[in-house]
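Some notes on the structure that comes next.
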Amino acid sequence: MQDKQLEQAKVLSPKRNSTQANSIPELAAEQLQHFGIDKSSEYGQSLYDAAMHLYQAQLDISNLWQVTNRTLATLDRKDKIAYFNAKKFLSFQIAKVLDTLQNPFRATYQSLQQQTGSQVSKSHYPLFDNVTALFSATPVVVRTATYVYACTEWVDDAFQGKEATHQIYSRLLNPTNISLANAIVELEAGPFAADYLAWNFNSGMAAIDAMLSNVLGHGDVLIVSRNVYGGVYQLLHDFFARENRLDIQIEWFDGYEEAEFARFMQEVKLKHQKRLQNKQLHVYIESPCNPHGYVLDVPGICRVAHKDGHVVMLDSTLATPVLNQPLQRSDKRERPDYVVHSYTKDICGSGATTAGVVIAETWRMFQAKGQCEKGYDWSKTMFWDVYYIKGAFLDSEKAFDVLTGMKTLEQRILSKSINTQVLSEFLFSHPAMNVHCHSINSHPNANIRKKLMRHGWPCALFTVDMEKAGLERDTFVRFFDALEPAFSHQVSIGQNNTIILCPALTSHSEMGQAEQRDAGIYLTTMRIAVGTENIKELIAHFINVVRLHIDPVLPGFSDGFMSPEQVDELYLETANRMCQQHYHSVASTRELLDGRFTSDHVVGA
């Protein structure tokens, strides 16, 4: 027991790896000697006493953490409140001790400066001003390229990945960035958050590239769901699949169901039997997918893939953690190995920031140098294999923007889901409009949406085409151009405004015409990313544009939609139903008082 306590105390020593001390008093004396302080002096005795207290405090805090871990699950809500506030105040006390140290620290630093000649602009020492940032009510935007380090052995540990709280370089770790990583893991993994880790990147595509670069080996086989973002298609087709690059063999999966995937995977294995003798097979899926918003049976696909030990990567951007939380499945076999998000979209929501994230179990994401967990060497982890060397990190300002946007995510998704349901049903009411949206109950993808999405809500992205109308290109283009300003002509999605574009000409233009047809994309296909505006205003604008540009060519075309009164009725019914679903799902006051929740907090339990 005493040896264990000494090991815990050594963490604070400037000679943590080379100390000869066998007790806490020896650690404190060794610390003074390391910095050339005479223990017998007045200053030395005060410093020795302070160091003794700090080493003992390290033991006490470690013990407090162990007790918390053992007891937290059994505590009632009153005790949890007491524990939290006691620890919060303890943090203030520690910060106060640091703050008290600043004045003598500043005075000593100033006494070292001799401002003579032209050298009068000596920089201040940053530790003077940083302590008060601990009291910030929002995550601090840390704008720095590098950091002050404590001592040689501590920074050596940091470079070995053994000092997680000691940042070296903002390209690797940044406090604002880490705050965001912790927040997204808590949202996605919930009760399993302690098992997962996230790395943030400068864009969604940078995150996807990092994930694929980390997982794929030269010559591997990759099963990819048919409907993926056009940029991903281009990355796979024009880089990873090229023989002079990674020579990845890509097989496109056209289905959505577990049984369909099981059959397809066996076909792929037979087709590439020779290649797979010494290469690996992996799975990359997007659900809901771009541009149609269809949902794949992710738990079922994961079960099939994991049965044979294959890695599953999921782009869950369009779901956001509000509509689906694939890492919270009670059966671990149903969870994807990696989840990627483009923060740029709904999670941030402002349209002002590009950012992305990859989430996976900690042992896949980071291990200290020399470690090997679950047969997975530290050098294979995403941090050392990709993140550490590629430099596609997320800067602090962008991380702060995403954290700010996350605060309103749930309410925005509620509003968008209501608007999506109303708009899609309005468009579906016209016999000449092909609406590709799982919010329509008769749509083939509706059953999976009901099974997997929270409350059965639709994602706020779908497509509609006008192929049945037989419009001339000029008529369609004039109609489409006139949809502004109600429907914004922009490329990115997930903002508060409703955005419409033609994928064949924009987001999926990287595909050839045959590939576009395979993906259900035509010239008149319109991808609609629904926002939070008054949906009735958008519908009225849509009808007026039809009257302006299509009715003169196809008389009476606008009469094919549901009536204005039916739109009003549909809106009220949909809003009431979804709001009730949302607010009725909140834990009861009795549950919140007791802290004993009867509702299941694990998906698929």
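Chains: A, B, ... in order of the structure tokens. Residues: from 1 per chain. Ligands: from 1, in order shown.
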Handout entry: Sel. of strand (DSSP E or B) residues, range 255-490 of chain A, as number ranges by chain
Key = A: 281-286, 311-315, 329, 338-342, 356-361, 372-373, 376-377, 393, 434-436, 461-465, 488
Skipping near chain neighbours, those fewer than 3 positions away, what residues fall within 12 Å of Leu180 in chain A using only C-alpha atoms, listed as a CSV table (one decimal) with N, CA and C atoms, in the first residue's frame?
chain,number,residue,atom,x,y,z
A,138,THR,N,-17.5,29.6,-19.8
A,138,THR,CA,-17.5,28.9,-21.1
A,138,THR,C,-16.1,28.4,-21.4
A,139,PRO,N,-15.9,27.4,-22.2
A,139,PRO,CA,-14.6,27.0,-22.5
A,139,PRO,C,-13.7,28.1,-23.0
A,140,VAL,N,-12.5,28.1,-22.6
A,140,VAL,CA,-11.6,29.2,-22.9
A,140,VAL,C,-11.0,29.0,-24.3
A,141,VAL,N,-11.0,30.0,-25.1
A,141,VAL,CA,-10.4,29.9,-26.5
A,141,VAL,C,-8.9,30.1,-26.3
A,173,LEU,N,-2.6,18.9,-29.3
A,173,LEU,CA,-3.6,19.0,-28.2
A,173,LEU,C,-3.8,20.5,-27.9
A,174,ASN,N,-5.0,20.9,-27.6
A,174,ASN,CA,-5.4,22.2,-27.3
A,174,ASN,C,-6.6,22.2,-26.3
A,175,PRO,N,-6.6,22.9,-25.2
A,175,PRO,CA,-7.6,22.8,-24.2
A,175,PRO,C,-9.0,23.0,-24.8
A,176,THR,N,-9.2,23.9,-25.7
A,176,THR,CA,-10.5,24.2,-26.3
A,176,THR,C,-10.9,23.0,-27.1
A,177,ASN,N,-10.0,22.5,-27.9
A,177,ASN,CA,-10.2,21.3,-28.7
A,177,ASN,C,-10.6,20.1,-27.9
A,183,ALA,N,-17.0,16.7,-25.1
A,183,ALA,CA,-18.5,16.9,-25.2
A,183,ALA,C,-19.1,16.0,-26.3
A,184,ILE,N,-18.5,15.8,-27.4
A,184,ILE,CA,-19.1,14.9,-28.4
A,184,ILE,C,-19.1,13.5,-28.0
A,185,VAL,N,-18.1,13.1,-27.3
A,185,VAL,CA,-18.0,11.7,-26.8
A,185,VAL,C,-19.2,11.4,-25.8
A,186,GLU,N,-19.4,12.4,-24.9
A,186,GLU,CA,-20.5,12.3,-24.0
A,186,GLU,C,-21.9,12.2,-24.7
A,187,LEU,N,-22.0,13.0,-25.7
A,187,LEU,CA,-23.3,13.0,-26.5
A,187,LEU,C,-23.5,11.7,-27.2
A,197,LEU,N,-12.9,7.8,-27.2
A,197,LEU,CA,-12.1,9.0,-27.3
A,197,LEU,C,-12.4,9.6,-28.7
A,198,ALA,N,-12.2,10.9,-28.8
A,198,ALA,CA,-12.4,11.6,-30.1
A,198,ALA,C,-11.2,12.4,-30.5
A,199,TRP,N,-11.0,12.5,-31.8
A,199,TRP,CA,-10.0,13.5,-32.3
A,199,TRP,C,-10.7,14.4,-33.3
A,200,ASN,N,-10.5,15.7,-33.1
A,200,ASN,CA,-11.2,16.7,-33.9
A,200,ASN,C,-10.2,17.1,-35.1
A,201,PHE,N,-10.9,17.4,-36.2
A,201,PHE,CA,-10.1,17.8,-37.4
A,201,PHE,C,-10.7,19.1,-38.0
A,343,TYR,N,-18.8,18.3,-38.2
A,343,TYR,CA,-19.3,19.4,-37.3
A,343,TYR,C,-19.9,20.5,-38.1
A,347,ILE,N,-24.4,20.0,-36.1
A,347,ILE,CA,-23.8,20.1,-34.8
A,347,ILE,C,-23.4,21.5,-34.5
A,348,CYS,N,-22.7,22.1,-35.4
A,348,CYS,CA,-22.4,23.5,-35.2
A,348,CYS,C,-23.6,24.4,-35.6
A,355,ALA,N,-15.4,21.8,-39.7
A,355,ALA,CA,-14.7,21.0,-38.7
A,355,ALA,C,-15.3,19.6,-38.8
A,356,GLY,N,-14.5,18.6,-38.2
A,356,GLY,CA,-15.0,17.2,-38.2
A,356,GLY,C,-14.4,16.5,-37.0
A,357,VAL,N,-14.9,15.3,-36.8
A,357,VAL,CA,-14.5,14.5,-35.7
A,357,VAL,C,-14.6,13.0,-36.0
A,358,VAL,N,-13.6,12.2,-35.4
A,358,VAL,CA,-13.7,10.8,-35.4
A,358,VAL,C,-13.8,10.3,-34.0
A,359,ILE,N,-14.7,9.3,-33.7
A,359,ILE,CA,-14.9,8.8,-32.4
A,359,ILE,C,-14.7,7.3,-32.5
A,394,LEU,N,-7.9,20.7,-35.4
A,394,LEU,CA,-9.0,21.8,-35.3
A,394,LEU,C,-8.5,22.9,-34.4
A,395,ASP,N,-8.5,24.1,-34.9
A,395,ASP,CA,-8.0,25.2,-34.0
A,395,ASP,C,-9.0,25.6,-33.0
A,396,SER,N,-8.6,26.4,-32.0
A,396,SER,CA,-9.4,26.7,-30.8
A,396,SER,C,-10.6,27.5,-31.2
A,397,GLU,N,-10.5,28.5,-32.1
A,397,GLU,CA,-11.7,29.3,-32.4
A,397,GLU,C,-12.8,28.5,-33.0
A,398,LYS,N,-12.4,27.5,-33.9
A,398,LYS,CA,-13.5,26.7,-34.5
A,398,LYS,C,-14.1,25.7,-33.5
A,399,ALA,N,-13.2,25.2,-32.6
A,399,ALA,CA,-13.7,24.3,-31.5
A,399,ALA,C,-14.8,25.1,-30.7
A,400,PHE,N,-14.5,26.3,-30.4
A,400,PHE,CA,-15.4,27.1,-29.6
A,400,PHE,C,-16.7,27.3,-30.3
A,401,ASP,N,-16.6,27.6,-31.6
A,401,ASP,CA,-17.9,27.8,-32.4
A,401,ASP,C,-18.7,26.5,-32.4
A,402,VAL,N,-18.1,25.4,-32.5
A,402,VAL,CA,-18.9,24.1,-32.5
A,402,VAL,C,-19.5,23.9,-31.1
A,403,LEU,N,-18.7,24.1,-30.0
A,403,LEU,CA,-19.3,24.0,-28.7
A,403,LEU,C,-20.4,24.9,-28.4
A,404,THR,N,-20.4,26.1,-29.0
A,404,THR,CA,-21.5,27.1,-28.8
A,404,THR,C,-22.7,26.5,-29.6
A,405,GLY,N,-22.5,26.0,-30.8
A,405,GLY,CA,-23.6,25.5,-31.6
A,405,GLY,C,-24.3,24.3,-30.9
A,406,MET,N,-23.5,23.5,-30.3
A,406,MET,CA,-24.1,22.3,-29.7
A,406,MET,C,-25.1,22.6,-28.6
A,407,LYS,N,-25.1,23.8,-28.0
A,407,LYS,CA,-26.0,24.1,-27.0
A,407,LYS,C,-27.5,24.2,-27.5
Could the residues of range 301-336 of chain A that have an atom at most 12 Å from range 492-510 of chain A be listed as a tab-separated table, each with its closest atom pair and the distance in Å to one decimal, counting only C-alpha atoms and ordered by chain and ascending residue number?
residue	atom	partner	partner_atom	distance
A:Thr317	CA	A:Gly494	CA	9.3
A:Leu318	CA	A:Gly494	CA	8.1
A:Ala319	CA	A:Gly494	CA	10.6
A:Thr320	CA	A:Gly494	CA	10.1
Take the residues from that selection and put them in a file with C-alpha atoms, as a compact mmCIF listing (two decimals), in the first residue's frame.
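Written file, part_4.txt:
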# COMPACT_ATOMS: atom_id res chain seq x y z
CA THR A 317 -23.34 13.38 -39.71
CA LEU A 318 -26.96 13.67 -40.83
CA ALA A 319 -28.32 11.86 -37.80
CA THR A 320 -26.42 13.92 -35.25
Problem - Close residues, range 546-557 of chain A itself excluded, 12 Å, only C-alpha atoms, min 2 positions apart in chain, as a ChimeraX atom specification - result: /A:427,430-433,466,469-483,539-544,559-562
If you keep C-alpha atoms, can you produce a file of those selected residues as an mmCIF file, in the first residue's frame?
data_model
loop_
_atom_site.group_PDB
_atom_site.id
_atom_site.type_symbol
_atom_site.label_atom_id
_atom_site.label_comp_id
_atom_site.auth_asym_id
_atom_site.auth_seq_id
_atom_site.Cartn_x
_atom_site.Cartn_y
_atom_site.Cartn_z
ATOM 1 C CA LEU A 427 -44.425 17.674 -52.134
ATOM 2 C CA HIS A 430 -48.406 16.094 -56.151
ATOM 3 C CA PRO A 431 -48.576 13.107 -58.530
ATOM 4 C CA ALA A 432 -45.730 14.415 -60.724
ATOM 5 C CA MET A 433 -43.225 14.839 -57.869
ATOM 6 C CA MET A 466 -39.527 16.090 -61.438
ATOM 7 C CA ALA A 469 -43.285 16.049 -65.315
ATOM 8 C CA GLY A 470 -41.183 15.863 -68.482
ATOM 9 C CA LEU A 471 -39.965 19.456 -68.170
ATOM 10 C CA GLU A 472 -37.631 20.978 -70.723
ATOM 11 C CA ARG A 473 -34.236 21.852 -69.260
ATOM 12 C CA ASP A 474 -34.832 25.599 -69.712
ATOM 13 C CA THR A 475 -38.154 25.458 -67.856
ATOM 14 C CA PHE A 476 -36.685 23.490 -64.972
ATOM 15 C CA VAL A 477 -33.650 25.799 -64.665
ATOM 16 C CA ARG A 478 -35.823 28.942 -64.600
ATOM 17 C CA PHE A 479 -38.047 27.309 -61.969
ATOM 18 C CA PHE A 480 -35.056 26.228 -59.872
ATOM 19 C CA ASP A 481 -33.319 29.606 -60.049
ATOM 20 C CA ALA A 482 -36.493 31.343 -58.838
ATOM 21 C CA LEU A 483 -36.629 29.306 -55.615
ATOM 22 C CA ILE A 539 -44.315 26.162 -49.175
ATOM 23 C CA ALA A 540 -46.124 29.330 -50.280
ATOM 24 C CA HIS A 541 -42.985 30.504 -52.104
ATOM 25 C CA PHE A 542 -42.633 27.105 -53.803
ATOM 26 C CA ILE A 543 -46.237 27.212 -55.057
ATOM 27 C CA ASN A 544 -45.830 30.748 -56.393
ATOM 28 C CA ASP A 559 -53.291 22.635 -58.557
ATOM 29 C CA GLY A 560 -51.838 19.171 -58.006
ATOM 30 C CA PHE A 561 -50.560 20.040 -54.507
ATOM 31 C CA MET A 562 -52.644 19.791 -51.337
#
Practice task
Find the spatial neighbours of Ala241 in chain A, counting only C-alpha atoms, within a cut-off of 9 Å - ignore same-chain residues fewer than 6 positions away - and output them as a PyMOL selection string.
Solution key: chain A and resi 219+235+247-250
Handout entry: DSSP helix (DSSP H, G or I) residues within range 49-291 of chain A, as an MDAnalysis selection string
Key = chainID A and resid 49:74 77:111 127:135 152:159 175:195 204:215 230:240 258:271 275:277
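Comparing the minimum interatomic distances between Pro288 in chain A and each of A:Ala392, A:Met453, A:Ala150, A:Val221, counting only C-alpha atoms, we find that A:Met453 sits nearest.
Candidate residues A:Leu572, A:Ala259, A:Leu75, A:Val215 were compared for distance to Leu281 in chain A, and the nearest is A:Val215, using only C-alpha atoms.
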Exercise for the section: With a distance cut-off of 10 Å and only C-alpha atoms, select the neighbouring residues of Gly309 in chain A, excluding the residue or stretch itself and same-chain residues fewer than 4 positions from it, and output the selection as a ChimeraX atom specification. Expected result: /A:280-282,302-305
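Among the candidate residues A:Asn214, A:Thr589, A:Ser442, A:Ser424, the one lying nearest to Leu461 in chain A is A:Ser424, with distances computed using only C-alpha atoms.
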Do you have, as a tab-separated table, the list of residues of range 459-483 of chain A lying at most 10 Å from range 289-299 of chain A, each with its nearest atom pair and that distance in Å to one decimal, counting only C-alpha atoms and ordered by chain then number?
residue	atom	partner	partner_atom	distance
A:Cys459	CA	A:Gly293	CA	6.4
A:Ala460	CA	A:Gly293	CA	7.6
A:Leu461	CA	A:Gly293	CA	5.2
A:Phe462	CA	A:His292	CA	4.4
A:Thr463	CA	A:His292	CA	5.1
A:Val464	CA	A:His292	CA	8.5
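Going from CA of Tyr48 in chain A to CA of Ala158 in chain A covers 26.2 Å.
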Problem - Pick from A:Arg242, A:Arg275, A:Lys536, A:Lys390 nearest to Ala486 in chain A, counting only C-alpha atoms - result: A:Lys536
Practice task
Determine the nearest neighbour of Arg335 in chain A from the options A:Arg364, A:Ala189, A:Ala207, A:Val148, counting only C-alpha atoms.
Solution key: A:Ala189
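Shortest separation to Gln110 in chain A among A:Phe35, A:Glu484, A:Ser439, A:Tyr125 occurs at residue A:Tyr125, atoms counted being only C-alpha atoms.
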